[in-house]
Amino acid sequence: MESLPFLTVNDQPISIEEAVKYLQVSGKLGQFIGDILRQYVIEQEIRTRDDIEIGTAITEQAIIDFRLNNQLTDPQSFQEWLKRNNTDYTTFHTSVTFGYKVEKLKAVVSEPKLPEYFIERKIFLDRLVLSRIVVDNRELADELQIQIEEGGSFEQLAKEYSLADDRVVNGMMGLISRGSLPDTLRAAIDVASPGQVVGPIEMVGGTSLQGEGPYGLFRVEQFLPASLEDTQLKQALQNELFEKWLAEKIQKLTVKLQVS
């Protein structure tokens, strides 16, 4: 018995073999198979686990909220929306439930590993706001430090002397990941208080004729330590852990392409 075409374009049938060939030629076959394997693993897990059940009331409420937010409360307009999106109520209901199950699966998979993963990543998740003055020799850096200690304006000195582009905004560097700081600077910053100036610190990539520097004076404006209380951050880490878990699962699959 001849199988149905995979797609029909302008009444011309496209077989699964031809579709695969098109994907190969365009370099998209690997991604296509990857998406299928990803969905396969997720559906297998949802089907076999008993710790991710979702009550029908949650799905029903989500659909009600969706209809309210999209002005689809009228049954006829909702039916028209379903038709426009090539779906029906049962399929849409299943899709919403599946979405909730995936989110629950993410939580179940990531929760046990989350505290350790957070500690592991914390140095890069902690952020701070710094201002700086960058000069090309130690003597000038020392002199500016003394002026600041004696009440000189950090902002004014940054405007006058700093070689960095951020001198136009009084040396304000903006938000920085703590983990992106060079070790020497991070060590000094970690024991500083907001408002305190640290340095001079020799910076990597010197361009002065003496083969040293440049040197930086840094003022800590604000510390913004990461916390798992931050819902957005927690969600991002859960997603990262889930993707790692998925990749490991997919790696263990035996996959054979059955199309010539």
# chains A, B, ... in the order shown; residues from 1 in each chain; ligands from 1
>>> residues_around(residues="stretch 88-104 of chain A", least_positions_apart="5", cutoff="10 Å", atoms="only C-alpha atoms", output="list in words")
Ile42, Glu43, Glu45, Ile46, Asp51, Ile52, Glu53, Ile54, Gly55, Thr56, Ile58, Thr59, Glu60, Ala62, Ile63, Phe78, Gln79, Glu80, Trp81, Leu82, Lys83, Val109, Ser110, Gln235, Gln238, Asn239 and Phe242 of chain A
>>> residues_around(residues="A:Leu217", least_positions_apart="3", cutoff="7 Å", atoms="only C-alpha atoms", output="list in words")
Arg132, Ile133, Val134, Val197, Val198, Gly199, Pro200 and Ile201 of chain A
>>> select_by_dssp(residues="stretch 3-149 of chain A", states="strand (DSSP E or B)", output="PyMOL selection string")
chain A and resi 7-9+12-14+127-135
>>> write_last_selection(atoms="C-alpha atoms", output="mmCIF file, in the first residue's frame")
data_model
loop_
_atom_site.group_PDB
_atom_site.id
_atom_site.type_symbol
_atom_site.label_atom_id
_atom_site.label_comp_id
_atom_site.auth_asym_id
_atom_site.auth_seq_id
_atom_site.Cartn_x
_atom_site.Cartn_y
_atom_site.Cartn_z
ATOM 1 C CA LEU A 7 3.322 17.359 2.255
ATOM 2 C CA THR A 8 1.382 18.547 -0.767
ATOM 3 C CA VAL A 9 2.554 21.814 -2.358
ATOM 4 C CA GLN A 12 2.443 18.283 -5.955
ATOM 5 C CA PRO A 13 3.201 15.538 -3.379
ATOM 6 C CA ILE A 14 6.443 15.690 -1.359
ATOM 7 C CA ARG A 127 26.394 41.653 40.003
ATOM 8 C CA LEU A 128 27.728 45.024 41.068
ATOM 9 C CA VAL A 129 27.898 48.619 39.887
ATOM 10 C CA LEU A 130 31.388 50.126 39.630
ATOM 11 C CA SER A 131 32.887 53.453 38.650
ATOM 12 C CA ARG A 132 36.526 53.728 37.557
ATOM 13 C CA ILE A 133 39.380 56.038 36.677
ATOM 14 C CA VAL A 134 41.920 54.501 34.294
ATOM 15 C CA VAL A 135 45.361 56.096 33.806
#
>>> residues_around(residues="A:Gly34", least_positions_apart="4", cutoff="12 Å", atoms="only C-alpha atoms", output="list in words")
Lys28, Leu29, Gly30, Arg38, Gln39, Tyr40, Val41, Leu246, Ala247, Lys249, Ile250, Gln251, Leu253 and Val255 of chain A
>>> select_by_dssp(residues="stretch 36-84 of chain A", states="helix (DSSP H, G or I)", output="number ranges by chain")
A: 36-48, 56-69, 75-84
>>> closest_residue(among="A:Ala107, A:Leu241, A:Leu37, A:Leu157", to="A:Asn170", atoms="only C-alpha atoms")
A:Leu157
>>> atom_distance(atom1="atom CA of A:Tyr117", atom2="atom CA of A:Gln31")
27.7 Å
>>> decode(residues="stretch 103-139 of chain A", atoms="N, CA, C and O atoms", output="CSV table (one decimal), in the first residue's frame")
chain,number,residue,atom,x,y,z
A,103,GLU,N,6.6,22.1,32.5
A,103,GLU,CA,7.1,23.0,33.5
A,103,GLU,C,7.3,22.3,34.8
A,103,GLU,O,8.2,22.5,35.6
A,104,LYS,N,6.3,21.4,35.1
A,104,LYS,CA,6.4,20.6,36.3
A,104,LYS,C,7.6,19.6,36.2
A,104,LYS,O,8.3,19.4,37.2
A,105,LEU,N,7.8,19.0,35.1
A,105,LEU,CA,9.0,18.1,34.8
A,105,LEU,C,10.3,18.9,35.1
A,105,LEU,O,11.2,18.4,35.7
A,106,LYS,N,10.3,20.1,34.5
A,106,LYS,CA,11.5,20.9,34.7
A,106,LYS,C,11.8,21.1,36.2
A,106,LYS,O,13.0,21.0,36.7
A,107,ALA,N,10.8,21.4,37.0
A,107,ALA,CA,10.9,21.6,38.4
A,107,ALA,C,11.4,20.4,39.1
A,107,ALA,O,12.3,20.4,39.9
A,108,VAL,N,10.8,19.2,38.8
A,108,VAL,CA,11.1,17.9,39.4
A,108,VAL,C,12.5,17.5,39.1
A,108,VAL,O,13.3,17.1,40.0
A,109,VAL,N,12.9,17.7,37.9
A,109,VAL,CA,14.3,17.3,37.5
A,109,VAL,C,15.3,18.2,38.1
A,109,VAL,O,16.4,17.8,38.5
A,110,SER,N,15.0,19.5,38.1
A,110,SER,CA,16.1,20.5,38.6
A,110,SER,C,16.2,20.7,40.1
A,110,SER,O,17.2,21.1,40.6
A,111,GLU,N,15.0,20.6,40.8
A,111,GLU,CA,15.0,21.0,42.2
A,111,GLU,C,16.1,20.3,43.0
A,111,GLU,O,16.8,21.1,43.8
A,112,PRO,N,16.4,19.0,42.9
A,112,PRO,CA,17.5,18.4,43.8
A,112,PRO,C,18.8,19.0,43.5
A,112,PRO,O,19.7,19.1,44.4
A,113,LYS,N,19.1,19.4,42.2
A,113,LYS,CA,20.4,19.9,41.9
A,113,LYS,C,20.5,21.4,42.0
A,113,LYS,O,21.6,22.0,41.9
A,114,LEU,N,19.4,22.1,42.2
A,114,LEU,CA,19.4,23.6,42.1
A,114,LEU,C,20.3,24.3,43.2
A,114,LEU,O,21.1,25.2,42.8
A,115,PRO,N,20.3,23.9,44.4
A,115,PRO,CA,21.1,24.7,45.4
A,115,PRO,C,22.6,24.6,45.1
A,115,PRO,O,23.3,25.6,45.1
A,116,GLU,N,23.1,23.4,44.7
A,116,GLU,CA,24.5,23.2,44.4
A,116,GLU,C,24.9,23.9,43.1
A,116,GLU,O,25.9,24.6,43.1
A,117,TYR,N,24.0,23.9,42.2
A,117,TYR,CA,24.2,24.5,40.9
A,117,TYR,C,24.3,26.1,41.1
A,117,TYR,O,25.1,26.8,40.5
A,118,PHE,N,23.4,26.6,41.9
A,118,PHE,CA,23.4,28.0,42.2
A,118,PHE,C,24.7,28.4,42.9
A,118,PHE,O,25.3,29.5,42.4
A,119,ILE,N,25.2,27.7,43.8
A,119,ILE,CA,26.5,28.0,44.5
A,119,ILE,C,27.6,28.0,43.4
A,119,ILE,O,28.5,28.9,43.4
A,120,GLU,N,27.6,27.0,42.6
A,120,GLU,CA,28.6,26.8,41.5
A,120,GLU,C,28.6,28.0,40.6
A,120,GLU,O,29.7,28.5,40.1
A,121,ARG,N,27.4,28.6,40.3
A,121,ARG,CA,27.3,29.7,39.3
A,121,ARG,C,27.3,31.0,40.0
A,121,ARG,O,27.3,32.1,39.3
A,122,LYS,N,27.2,31.1,41.3
A,122,LYS,CA,27.0,32.3,42.0
A,122,LYS,C,27.9,33.5,41.7
A,122,LYS,O,27.5,34.6,41.5
A,123,ILE,N,29.2,33.1,41.5
A,123,ILE,CA,30.2,34.2,41.2
A,123,ILE,C,29.9,34.9,39.9
A,123,ILE,O,30.1,36.1,39.8
A,124,PHE,N,29.2,34.2,39.0
A,124,PHE,CA,28.8,34.9,37.7
A,124,PHE,C,27.5,35.5,37.8
A,124,PHE,O,27.1,36.4,37.0
A,125,LEU,N,26.7,35.1,38.8
A,125,LEU,CA,25.3,35.6,38.9
A,125,LEU,C,25.3,36.9,39.8
A,125,LEU,O,24.4,37.7,39.6
A,126,ASP,N,26.2,37.0,40.7
A,126,ASP,CA,26.3,38.2,41.5
A,126,ASP,C,26.7,39.3,40.6
A,126,ASP,O,27.6,39.2,39.8
A,127,ARG,N,26.1,40.5,40.8
A,127,ARG,CA,26.4,41.7,40.0
A,127,ARG,C,26.7,42.8,40.9
A,127,ARG,O,26.4,42.9,42.1
A,128,LEU,N,27.4,43.8,40.3
A,128,LEU,CA,27.7,45.0,41.1
A,128,LEU,C,27.8,46.2,40.1
A,128,LEU,O,28.0,46.0,38.9
A,129,VAL,N,27.7,47.4,40.7
A,129,VAL,CA,27.9,48.6,39.9
A,129,VAL,C,29.2,49.3,40.3
A,129,VAL,O,29.4,49.5,41.5
A,130,LEU,N,30.1,49.5,39.3
A,130,LEU,CA,31.4,50.1,39.6
A,130,LEU,C,31.6,51.4,38.8
A,130,LEU,O,31.0,51.6,37.8
A,131,SER,N,32.4,52.3,39.4
A,131,SER,CA,32.9,53.5,38.7
A,131,SER,C,34.4,53.3,38.6
A,131,SER,O,35.0,52.7,39.5
A,132,ARG,N,35.1,53.9,37.6
A,132,ARG,CA,36.5,53.7,37.6
A,132,ARG,C,37.2,55.0,37.0
A,132,ARG,O,36.6,55.8,36.2
A,133,ILE,N,38.5,55.1,37.3
A,133,ILE,CA,39.4,56.0,36.7
A,133,ILE,C,40.6,55.2,36.2
A,133,ILE,O,41.2,54.5,37.0
A,134,VAL,N,40.8,55.3,34.9
A,134,VAL,CA,41.9,54.5,34.3
A,134,VAL,C,43.0,55.5,33.8
A,134,VAL,O,42.7,56.4,33.0
A,135,VAL,N,44.2,55.3,34.3
A,135,VAL,CA,45.4,56.1,33.8
A,135,VAL,C,46.5,55.2,33.4
A,135,VAL,O,46.5,54.0,33.7
A,136,ASP,N,47.5,55.7,32.7
A,136,ASP,CA,48.5,54.9,32.1
A,136,ASP,C,49.8,54.7,33.0
A,136,ASP,O,50.8,54.1,32.5
A,137,ASN,N,49.8,55.3,34.2
A,137,ASN,CA,51.0,55.1,35.0
A,137,ASN,C,50.7,55.1,36.5
A,137,ASN,O,49.7,55.8,36.9
A,138,ARG,N,51.5,54.5,37.3
A,138,ARG,CA,51.2,54.3,38.7
A,138,ARG,C,51.3,55.6,39.5
A,138,ARG,O,50.5,55.8,40.4
A,139,GLU,N,52.3,56.5,39.1
A,139,GLU,CA,52.4,57.7,39.9
A,139,GLU,C,51.2,58.6,39.8
A,139,GLU,O,50.7,59.1,40.9
